[in-house]
file model09.txt (compact mmCIF, C-alpha atoms)
# COMPACT_ATOMS: atom_id res chain seq x y z
CA MET A 1 52.17 -73.03 18.06
CA VAL A 2 52.33 -75.44 15.16
CA ASN A 3 52.43 -74.84 11.43
CA ASP A 4 49.39 -75.85 9.40
CA THR A 5 50.11 -75.64 5.67
CA THR A 6 46.88 -77.33 4.62
CA LEU A 7 44.82 -74.12 4.86
CA LEU A 8 44.31 -72.34 1.54
CA LEU A 9 42.78 -68.89 1.15
CA ASP A 10 41.11 -67.70 -2.03
CA LEU A 11 41.94 -64.03 -1.60
CA GLY A 12 43.03 -62.44 -4.85
CA GLY A 13 46.27 -60.47 -4.70
CA VAL A 14 47.73 -62.07 -1.55
CA SER A 15 49.44 -65.36 -0.81
CA VAL A 16 49.84 -67.43 2.35
CA ILE A 17 53.30 -67.33 3.92
CA ARG A 18 52.59 -69.65 6.80
CA VAL A 19 49.84 -70.70 9.18
CA GLU A 20 50.20 -70.89 12.95
CA ARG A 21 47.85 -72.77 15.22
CA LEU A 22 47.57 -71.17 18.62
CA GLU A 23 46.91 -72.99 21.86
CA ASP A 24 43.17 -72.25 21.78
CA GLY A 25 42.87 -73.65 18.25
CA THR A 26 42.77 -70.30 16.50
CA ARG A 27 44.72 -70.20 13.25
CA ARG A 28 46.85 -67.18 12.50
CA VAL A 29 47.42 -66.88 8.77
CA HIS A 30 50.36 -64.76 7.64
CA LEU A 31 49.82 -63.14 4.25
CA ALA A 32 52.09 -61.41 1.75
CA THR A 33 51.21 -59.29 -1.26
CA ALA A 34 51.32 -61.29 -4.48
CA GLU A 35 49.92 -58.74 -6.92
CA GLU A 36 52.41 -56.65 -8.86
CA ALA A 37 49.89 -53.84 -9.36
CA ALA A 38 49.91 -53.21 -5.60
CA ARG A 39 53.15 -51.25 -6.15
CA ALA A 40 51.29 -48.68 -8.25
CA CYS A 41 50.68 -45.36 -6.56
CA PRO A 42 46.93 -44.84 -6.00
CA GLU A 43 47.33 -41.13 -6.78
CA CYS A 44 49.36 -41.04 -10.01
CA GLY A 45 49.59 -44.72 -10.99
CA ALA A 46 53.40 -44.79 -11.21
CA PHE A 47 55.06 -48.02 -10.09
CA ALA A 48 57.26 -47.64 -7.04
CA TRP A 49 60.64 -49.32 -6.70
CA LYS A 50 61.92 -48.14 -3.31
CA VAL A 51 60.51 -49.59 -0.09
CA LYS A 52 59.95 -47.12 2.72
CA GLY A 53 59.08 -49.67 5.39
CA THR A 54 56.63 -52.40 6.35
CA ALA A 55 53.23 -52.48 7.97
CA ARG A 56 50.96 -55.16 9.38
CA THR A 57 47.18 -55.15 9.28
CA ARG A 58 44.56 -57.60 10.53
CA PRO A 59 41.71 -57.69 8.01
CA ARG A 60 38.75 -59.86 8.93
CA ASP A 61 37.53 -62.53 6.52
CA LEU A 62 34.75 -65.09 6.20
CA PRO A 63 34.54 -67.66 9.02
CA TYR A 64 36.48 -70.83 8.24
CA GLY A 65 35.87 -74.01 10.21
CA GLU A 66 34.84 -74.26 13.83
CA ARG A 67 37.85 -72.42 15.23
CA GLY A 68 38.72 -68.77 14.83
CA LEU A 69 40.74 -67.44 11.94
CA VAL A 70 43.02 -64.41 12.21
CA LEU A 71 44.67 -62.83 9.16
CA LEU A 72 47.95 -60.98 9.52
CA TRP A 73 48.94 -59.17 6.34
CA HIS A 74 52.61 -58.19 6.04
CA LYS A 75 52.62 -55.45 3.44
CA ARG A 76 55.15 -52.89 2.33
CA ARG A 77 55.08 -49.12 2.32
CA TRP A 78 56.51 -47.63 -0.88
CA TRP A 79 57.99 -44.29 -1.88
CA CYS A 80 56.31 -42.77 -4.94
CA ARG A 81 58.99 -41.96 -7.51
CA GLU A 82 56.91 -39.38 -9.39
CA PRO A 83 58.26 -35.92 -8.41
CA LYS A 84 54.99 -34.09 -9.10
CA CYS A 85 52.81 -36.58 -7.25
CA PRO A 86 51.39 -35.05 -4.04
CA ARG A 87 51.38 -38.48 -2.42
CA LYS A 88 54.92 -39.23 -1.34
CA SER A 89 54.32 -42.71 0.08
CA PHE A 90 51.61 -45.36 0.19
CA THR A 91 50.97 -48.87 1.44
CA GLU A 92 49.99 -51.84 -0.68
CA SER A 93 46.33 -52.62 -1.31
CA VAL A 94 44.46 -55.20 -3.39
CA ALA A 95 40.89 -55.48 -4.64
CA GLN A 96 39.81 -57.84 -1.86
CA ILE A 97 41.44 -55.69 0.83
CA PRO A 98 41.31 -51.99 -0.17
CA ALA A 99 43.35 -49.35 1.60
CA GLY A 100 42.03 -48.70 5.10
CA ALA A 101 39.59 -51.62 4.97
CA ARG A 102 39.12 -53.65 8.14
CA ILE A 103 37.20 -56.49 6.49
CA THR A 104 37.67 -58.23 3.13
CA ALA A 105 35.45 -57.45 0.19
CA ARG A 106 34.02 -60.96 0.09
CA LEU A 107 33.04 -60.77 3.76
CA ARG A 108 31.25 -57.49 3.13
CA GLN A 109 29.46 -58.95 0.11
CA ALA A 110 28.45 -62.06 2.04
CA ALA A 111 26.99 -59.90 4.81
CA GLY A 112 24.89 -57.90 2.37
CA ARG A 113 23.63 -60.96 0.50
CA ARG A 114 22.54 -62.68 3.70
CA VAL A 115 20.03 -59.91 4.24
CA ARG A 116 19.16 -59.35 0.58
CA ASP A 117 18.89 -62.93 -0.67
CA ALA A 118 18.69 -65.23 2.37
CA GLY A 119 16.07 -63.25 4.27
CA SER A 120 18.25 -62.81 7.34
CA THR A 121 17.82 -59.84 9.63
CA VAL A 122 20.66 -57.35 9.93
CA ILE A 123 21.29 -58.16 13.58
CA GLN A 124 21.30 -61.93 12.93
CA ALA A 125 23.78 -61.58 10.05
CA ALA A 126 25.97 -59.41 12.29
CA ARG A 127 25.96 -62.10 14.97
CA ASP A 128 26.72 -64.92 12.55
CA LEU A 129 29.62 -63.10 10.88
CA HIS A 130 30.85 -61.33 14.05
CA LEU A 131 30.35 -57.88 12.59
CA SER A 132 28.71 -54.71 13.86
CA TRP A 133 25.17 -53.70 12.95
CA PRO A 134 26.24 -50.56 10.98
CA THR A 135 28.74 -52.61 8.96
CA VAL A 136 26.12 -55.16 7.90
CA MET A 137 23.54 -52.46 7.21
CA GLY A 138 26.01 -50.60 5.00
CA ALA A 139 26.82 -53.83 3.15
CA PHE A 140 23.11 -54.49 2.65
CA ARG A 141 22.54 -51.02 1.20
CA THR A 142 25.37 -51.59 -1.28
CA SER A 143 24.04 -55.02 -2.18
CA ALA A 144 20.48 -53.74 -2.52
CA ARG A 145 21.57 -51.07 -5.00
CA GLU A 146 22.61 -53.84 -7.39
CA VAL A 147 18.97 -54.93 -7.51
CA VAL A 148 17.38 -51.47 -7.40
CA ASP A 149 19.59 -50.10 -10.17
CA ALA A 150 19.11 -53.16 -12.39
CA PRO A 151 16.73 -52.75 -15.35
CA LEU A 152 13.16 -53.95 -14.78
CA PRO A 153 12.38 -57.41 -16.18
CA GLU A 154 9.79 -57.63 -18.94
CA VAL A 155 6.31 -57.98 -17.47
CA LYS A 156 3.13 -59.08 -19.20
CA VAL A 157 0.76 -58.87 -16.24
CA LEU A 158 1.33 -56.04 -13.74
CA GLY A 159 -0.17 -56.30 -10.27
CA VAL A 160 -1.03 -53.12 -8.35
CA ASP A 161 -2.19 -53.15 -4.74
CA GLU A 162 -1.97 -51.09 -1.57
CA THR A 163 -0.05 -51.91 1.59
CA ARG A 164 -0.41 -50.32 4.99
CA ARG A 165 2.95 -49.22 6.36
CA GLY A 166 3.38 -47.31 9.59
CA MET A 167 1.25 -44.42 10.80
CA THR A 168 0.16 -41.18 9.17
CA LYS A 169 2.30 -38.16 10.09
CA TRP A 170 1.25 -34.53 9.89
CA GLU A 171 3.33 -31.39 10.37
CA GLN A 172 2.15 -27.82 10.87
CA ASP A 173 3.58 -25.09 8.69
CA ALA A 174 5.19 -22.41 10.87
CA GLU A 175 4.14 -19.51 8.63
CA SER A 176 0.63 -20.42 7.50
CA GLY A 177 -0.35 -22.58 10.44
CA LYS A 178 -1.86 -25.18 8.11
CA TRP A 179 -1.27 -28.88 8.59
CA ARG A 180 0.21 -30.92 5.78
CA LEU A 181 0.67 -34.65 5.30
CA THR A 182 4.35 -35.62 5.46
CA ARG A 183 4.02 -39.41 5.67
CA ASP A 184 1.21 -41.51 4.30
CA ARG A 185 0.36 -44.78 6.01
CA TRP A 186 -0.53 -46.34 2.65
CA HIS A 187 1.99 -47.47 0.01
CA THR A 188 1.29 -48.76 -3.49
CA GLY A 189 3.24 -51.80 -4.63
CA PHE A 190 3.84 -53.02 -8.19
CA VAL A 191 4.54 -56.71 -8.74
CA ASP A 192 5.01 -59.19 -11.57
CA ALA A 193 1.65 -60.92 -11.23
CA ALA A 194 2.12 -63.62 -13.88
CA SER A 195 5.69 -64.77 -13.31
CA HIS A 196 7.73 -64.83 -10.10
CA GLY A 197 5.52 -62.34 -8.24
CA GLY A 198 8.51 -60.23 -7.30
CA LEU A 199 8.26 -56.61 -6.21
CA LEU A 200 9.06 -54.21 -9.05
CA GLY A 201 8.56 -50.93 -7.21
CA GLN A 202 6.81 -49.20 -4.34
CA VAL A 203 5.69 -45.62 -3.81
CA GLU A 204 4.19 -43.75 -0.89
CA GLY A 205 0.49 -43.02 -1.24
CA ARG A 206 -2.33 -44.59 -3.24
CA THR A 207 -3.64 -41.75 -5.38
CA VAL A 208 -3.77 -41.51 -9.16
CA ALA A 209 -0.78 -39.16 -9.10
CA ASP A 210 1.26 -41.63 -7.03
CA VAL A 211 0.66 -44.48 -9.49
CA LEU A 212 1.37 -42.30 -12.53
CA ALA A 213 4.55 -40.97 -10.90
CA TRP A 214 5.98 -44.49 -10.66
CA LEU A 215 4.89 -45.44 -14.17
CA SER A 216 6.59 -42.34 -15.54
CA THR A 217 9.94 -43.62 -14.25
CA THR A 218 9.69 -46.79 -16.38
CA PRO A 219 10.74 -46.97 -20.05
CA LEU A 220 8.02 -46.56 -22.66
CA THR A 221 8.90 -49.88 -24.29
CA TRP A 222 8.49 -51.59 -20.91
CA ARG A 223 5.02 -50.11 -20.43
CA LYS A 224 3.94 -51.10 -23.94
CA ASN A 225 4.85 -54.70 -23.16
CA ILE A 226 2.18 -54.90 -20.42
CA THR A 227 -1.03 -56.55 -21.65
CA HIS A 228 -3.02 -56.89 -18.39
CA VAL A 229 -3.08 -55.12 -15.04
CA ALA A 230 -4.52 -56.89 -11.97
CA ILE A 231 -5.99 -54.58 -9.29
CA ASP A 232 -8.55 -54.69 -6.51
CA MET A 233 -11.92 -53.00 -6.94
CA SER A 234 -10.40 -49.56 -6.60
CA ALA A 235 -11.72 -46.81 -8.82
CA THR A 236 -8.54 -44.83 -8.12
CA TYR A 237 -6.23 -47.54 -9.46
CA ARG A 238 -8.51 -48.14 -12.43
CA ALA A 239 -8.39 -44.45 -13.37
CA ALA A 240 -4.61 -44.41 -13.02
CA ILE A 241 -4.19 -47.47 -15.26
CA ARG A 242 -6.56 -46.05 -17.87
CA THR A 243 -4.34 -42.98 -18.05
CA GLY A 244 -0.89 -44.51 -17.70
CA LEU A 245 -1.47 -47.81 -19.53
CA PRO A 246 -4.37 -47.15 -21.92
CA ASP A 247 -3.73 -50.29 -24.01
CA ALA A 248 -3.68 -52.71 -21.06
CA ILE A 249 -6.72 -54.74 -20.00
CA VAL A 250 -7.75 -54.13 -16.38
CA VAL A 251 -8.77 -57.24 -14.46
CA VAL A 252 -9.86 -57.65 -10.86
CA ASP A 253 -7.70 -59.85 -8.66
CA HIS A 254 -9.51 -63.10 -7.84
CA PHE A 255 -8.81 -62.71 -4.13
CA HIS A 256 -10.88 -59.56 -3.93
CA VAL A 257 -13.69 -61.10 -6.00
CA VAL A 258 -13.89 -64.10 -3.67
CA GLN A 259 -13.63 -61.82 -0.63
CA LEU A 260 -16.53 -59.67 -1.84
CA ALA A 261 -18.61 -62.78 -2.62
CA ASN A 262 -18.02 -64.11 0.88
CA LYS A 263 -19.07 -60.81 2.43
CA MET A 264 -22.26 -60.72 0.39
CA LEU A 265 -23.01 -64.36 1.26
CA SER A 266 -22.50 -63.66 4.96
CA ALA A 267 -24.77 -60.61 4.78
CA LEU A 268 -27.47 -62.62 3.01
CA ARG A 269 -27.19 -65.43 5.58
CA ARG A 270 -27.56 -63.00 8.49
CA ARG A 271 -30.53 -61.26 6.85
CA THR A 272 -32.28 -64.55 6.08
CA THR A 273 -31.68 -65.85 9.58
CA ALA A 274 -33.06 -62.70 11.13
call {"tool": "encode", "arguments": {"input": "model09.txt", "output": "structure tokens"}}
result
Amino acid sequence: MVNDTTLLLDLGGVSVIRVERLEDGTRRVHLATAEEAARACPECGAFAWKVKGTARTRPRDLPYGERGLVLLWHKRRWWCREPKCPRKSFTESVAQIPAGARITARLRQAAGRRVRDAGSTVIQAARDLHLSWPTVMGAFRTSAREVVDAPLPEVKVLGVDETRRGMTKWEQDAESGKWRLTRDRWHTGFVDAASHGGLLGQVEGRTVADVLAWLSTTPLTWRKNITHVAIDMSATYRAAIRTGLPDAIVVVDHFHVVQLANKMLSALRRRTTA
């Protein structure tokens, strides 16, 4: 083993003690707690002054270089000095490596953003970062909530169209014996048709009630900002827009106009040929 002091880690709250290079090229990085707030009890917030013992953990971090990287965190276990605190002792933790965490926060964030922003599949991101599928999927759900919970951008032209997703599912009521629809194969999507074309929302179904249900979740000021709504030649969507966005101008998407013109031209050609 040889020391390699050229490796620097940008992990907030910890510092590098030393770096060892193993025979297979793997670097073992020894870390120590550098954040004073890590001595604060997570239960009562009182700063501890008496060390109970030491502990070593191996949190996993982002890949670095071609060879493997192993983190070994030497942290202390403290006695809580607050008599009324139910937690008598605790180990140090920092924002990047919370208590009980097996991977760093930046590794978890990178895993979620690979799926959310880079278009990677969950299994491919898990392979690239050497993580399990549930870990990456959980990171993606957390990362996706940042987008889902963000306020909707201002939209001038709203696009509404249907998308087929999966198969229809019916279930029979045990008491009445009647069948009811539990999963519709059609979804309605709402996009920014004039700007980036990004998806704003999606609901199951394609009825008037389904469209109005999604519009009711948007702020009134946001709906008033919409001047045009692009749809296909659907009477259902037109009725929903007339009710939910009465001041907006309904226009037919050019794709469906051209598609209908091509169908009519083909029908005329076949009739003339016959």
call {"tool": "residues_around", "arguments": {"input": "model09.txt", "residues": "region 191-193 of chain A", "least_positions_apart": "4", "cutoff": "7 Å", "atoms": "all atoms listed in the file", "output": "short mmCIF file (atom, residue, chain, number, x, y, z; two decimals) with C-alpha atoms, in the frame of the given file"}}
result
data_model
loop_
_atom_site.label_atom_id
_atom_site.label_comp_id
_atom_site.auth_asym_id
_atom_site.auth_seq_id
_atom_site.Cartn_x
_atom_site.Cartn_y
_atom_site.Cartn_z
CA VAL A 155 6.31 -57.98 -17.47
CA VAL A 157 0.76 -58.87 -16.24
CA LEU A 158 1.33 -56.04 -13.74
CA GLY A 159 -0.17 -56.30 -10.27
CA VAL A 160 -1.03 -53.12 -8.35
CA GLY A 197 5.52 -62.34 -8.24
CA GLY A 198 8.51 -60.23 -7.30
CA LEU A 199 8.26 -56.61 -6.21
CA LEU A 200 9.06 -54.21 -9.05
#
call {"tool": "closest_residue", "arguments": {"input": "model09.txt", "among": "A:Ile249, A:Cys80, A:Leu212, A:Ala267", "to": "Glu92 (chain A)", "atoms": "all atoms listed in the file"}}
result
A:Cys80
call {"tool": "closest_residue", "arguments": {"input": "model09.txt", "among": "A:Val148, A:Leu71, A:Met264, A:Ala32", "to": "Thr54 (chain A)", "atoms": "all atoms listed in the file"}}
result
A:Ala32
call {"tool": "atom_distance", "arguments": {"input": "model09.txt", "atom1": "CA of Pro59 (chain A)", "atom2": "CA of Cys85 (chain A)"}}
result
28.3 Å
call {"tool": "closest_residue", "arguments": {"input": "model09.txt", "among": "A:Glu171, A:Glu204, A:Glu154, A:Asp184", "to": "Lys224 (chain A)", "atoms": "all atoms listed in the file"}}
result
A:Glu154
call {"tool": "atom_distance", "arguments": {"input": "model09.txt", "atom1": "CA of Ala37 (chain A)", "atom2": "CA of Val94 (chain A)"}}
result
8.2 Å
call {"tool": "closest_residue", "arguments": {"input": "model09.txt", "among": "A:Trp79, A:Leu31, A:Arg21, A:Val16", "to": "Ala46 (chain A)", "atoms": "all atoms listed in the file"}}
result
A:Trp79
call {"tool": "atom_distance", "arguments": {"input": "model09.txt", "atom1": "CA of Trp186 (chain A)", "atom2": "CA of Arg164 (chain A)"}}
result
4.6 Å
call {"tool": "closest_residue", "arguments": {"input": "model09.txt", "among": "A:Glu175, A:Asp61, A:Asp232, A:Glu23", "to": "Leu129 (chain A)", "atoms": "all atoms listed in the file"}}
result
A:Asp61
call {"tool": "closest_residue", "arguments": {"input": "model09.txt", "among": "A:Arg58, A:His74, A:Lys52, A:Arg238", "to": "Ile17 (chain A)", "atoms": "all atoms listed in the file"}}
result
A:His74
call {"tool": "residues_around", "arguments": {"input": "model09.txt", "residues": "Val252 (chain A)", "least_positions_apart": "4", "cutoff": "8 Å", "atoms": "all atoms listed in the file", "output": "JSON, numbers by chain"}}
result
{"A": [230, 231, 232, 233, 256, 257]}
call {"tool": "write_last_selection", "arguments": {"input": "model09.txt", "atoms": "C-alpha atoms", "output": "CSV table (one decimal), keeping the file's coordinate frame"}}
result
chain,number,residue,atom,x,y,z
A,230,ALA,CA,-4.5,-56.9,-12.0
A,231,ILE,CA,-6.0,-54.6,-9.3
A,232,ASP,CA,-8.6,-54.7,-6.5
A,233,MET,CA,-11.9,-53.0,-6.9
A,256,HIS,CA,-10.9,-59.6,-3.9
A,257,VAL,CA,-13.7,-61.1,-6.0
call {"tool": "decode", "arguments": {"input": "model09.txt", "residues": "region 155-175 of chain A", "atoms": "N, CA and C atoms", "output": "CSV table (one decimal), in the first residue's frame"}}
result
chain,number,residue,atom,x,y,z
A,155,VAL,N,-47.9,29.4,-19.7
A,155,VAL,CA,-48.2,28.8,-21.0
A,155,VAL,C,-49.1,29.7,-21.8
A,156,LYS,N,-48.8,30.0,-23.0
A,156,LYS,CA,-49.7,30.8,-23.9
A,156,LYS,C,-50.6,29.8,-24.7
A,157,VAL,N,-49.9,28.8,-25.3
A,157,VAL,CA,-50.6,27.8,-26.1
A,157,VAL,C,-50.6,26.4,-25.4
A,158,LEU,N,-51.7,25.9,-25.1
A,158,LEU,CA,-51.8,24.6,-24.4
A,158,LEU,C,-52.2,23.5,-25.4
A,159,GLY,N,-51.4,22.5,-25.4
A,159,GLY,CA,-51.7,21.3,-26.3
A,159,GLY,C,-52.4,20.2,-25.5
A,160,VAL,N,-53.4,19.7,-26.0
A,160,VAL,CA,-54.2,18.6,-25.4
A,160,VAL,C,-54.3,17.4,-26.4
A,161,ASP,N,-53.9,16.3,-26.0
A,161,ASP,CA,-54.0,15.1,-26.9
A,161,ASP,C,-54.1,13.8,-26.1
A,162,GLU,N,-54.5,12.8,-26.7
A,162,GLU,CA,-54.7,11.5,-26.0
A,162,GLU,C,-53.5,10.6,-26.3
A,163,THR,N,-53.2,9.7,-25.4
A,163,THR,CA,-52.1,8.7,-25.5
A,163,THR,C,-52.6,7.4,-25.1
A,164,ARG,N,-52.3,6.3,-25.8
A,164,ARG,CA,-52.7,5.0,-25.4
A,164,ARG,C,-51.6,4.4,-24.5
A,165,ARG,N,-52.1,3.9,-23.4
A,165,ARG,CA,-51.1,3.4,-22.4
A,165,ARG,C,-51.7,2.2,-21.7
A,166,GLY,N,-51.1,1.0,-22.0
A,166,GLY,CA,-51.5,-0.2,-21.4
A,166,GLY,C,-52.9,-0.7,-22.0
A,167,MET,N,-53.5,-1.6,-21.2
A,167,MET,CA,-54.7,-2.2,-21.5
A,167,MET,C,-55.8,-1.8,-20.6
A,168,THR,N,-57.1,-1.9,-21.1
A,168,THR,CA,-58.2,-1.6,-20.2
A,168,THR,C,-58.4,-2.7,-19.2
A,169,LYS,N,-58.7,-2.4,-17.9
A,169,LYS,CA,-58.9,-3.3,-16.9
A,169,LYS,C,-60.3,-3.1,-16.2
A,170,TRP,N,-61.0,-4.2,-16.1
A,170,TRP,CA,-62.3,-4.2,-15.5
A,170,TRP,C,-62.3,-5.1,-14.2
A,171,GLU,N,-63.1,-4.7,-13.2
A,171,GLU,CA,-63.3,-5.5,-12.0
A,171,GLU,C,-64.8,-5.7,-11.7
A,172,GLN,N,-65.1,-6.8,-11.2
A,172,GLN,CA,-66.6,-7.1,-10.9
A,172,GLN,C,-66.8,-6.8,-9.4
A,173,ASP,N,-67.8,-6.0,-9.2
A,173,ASP,CA,-68.2,-5.7,-7.8
A,173,ASP,C,-68.8,-7.0,-7.1
A,174,ALA,N,-68.3,-7.3,-6.0
A,174,ALA,CA,-68.7,-8.6,-5.3
A,174,ALA,C,-70.1,-8.5,-4.9
A,175,GLU,N,-70.7,-7.4,-4.5
A,175,GLU,CA,-72.0,-7.3,-4.0
A,175,GLU,C,-73.1,-7.2,-5.1
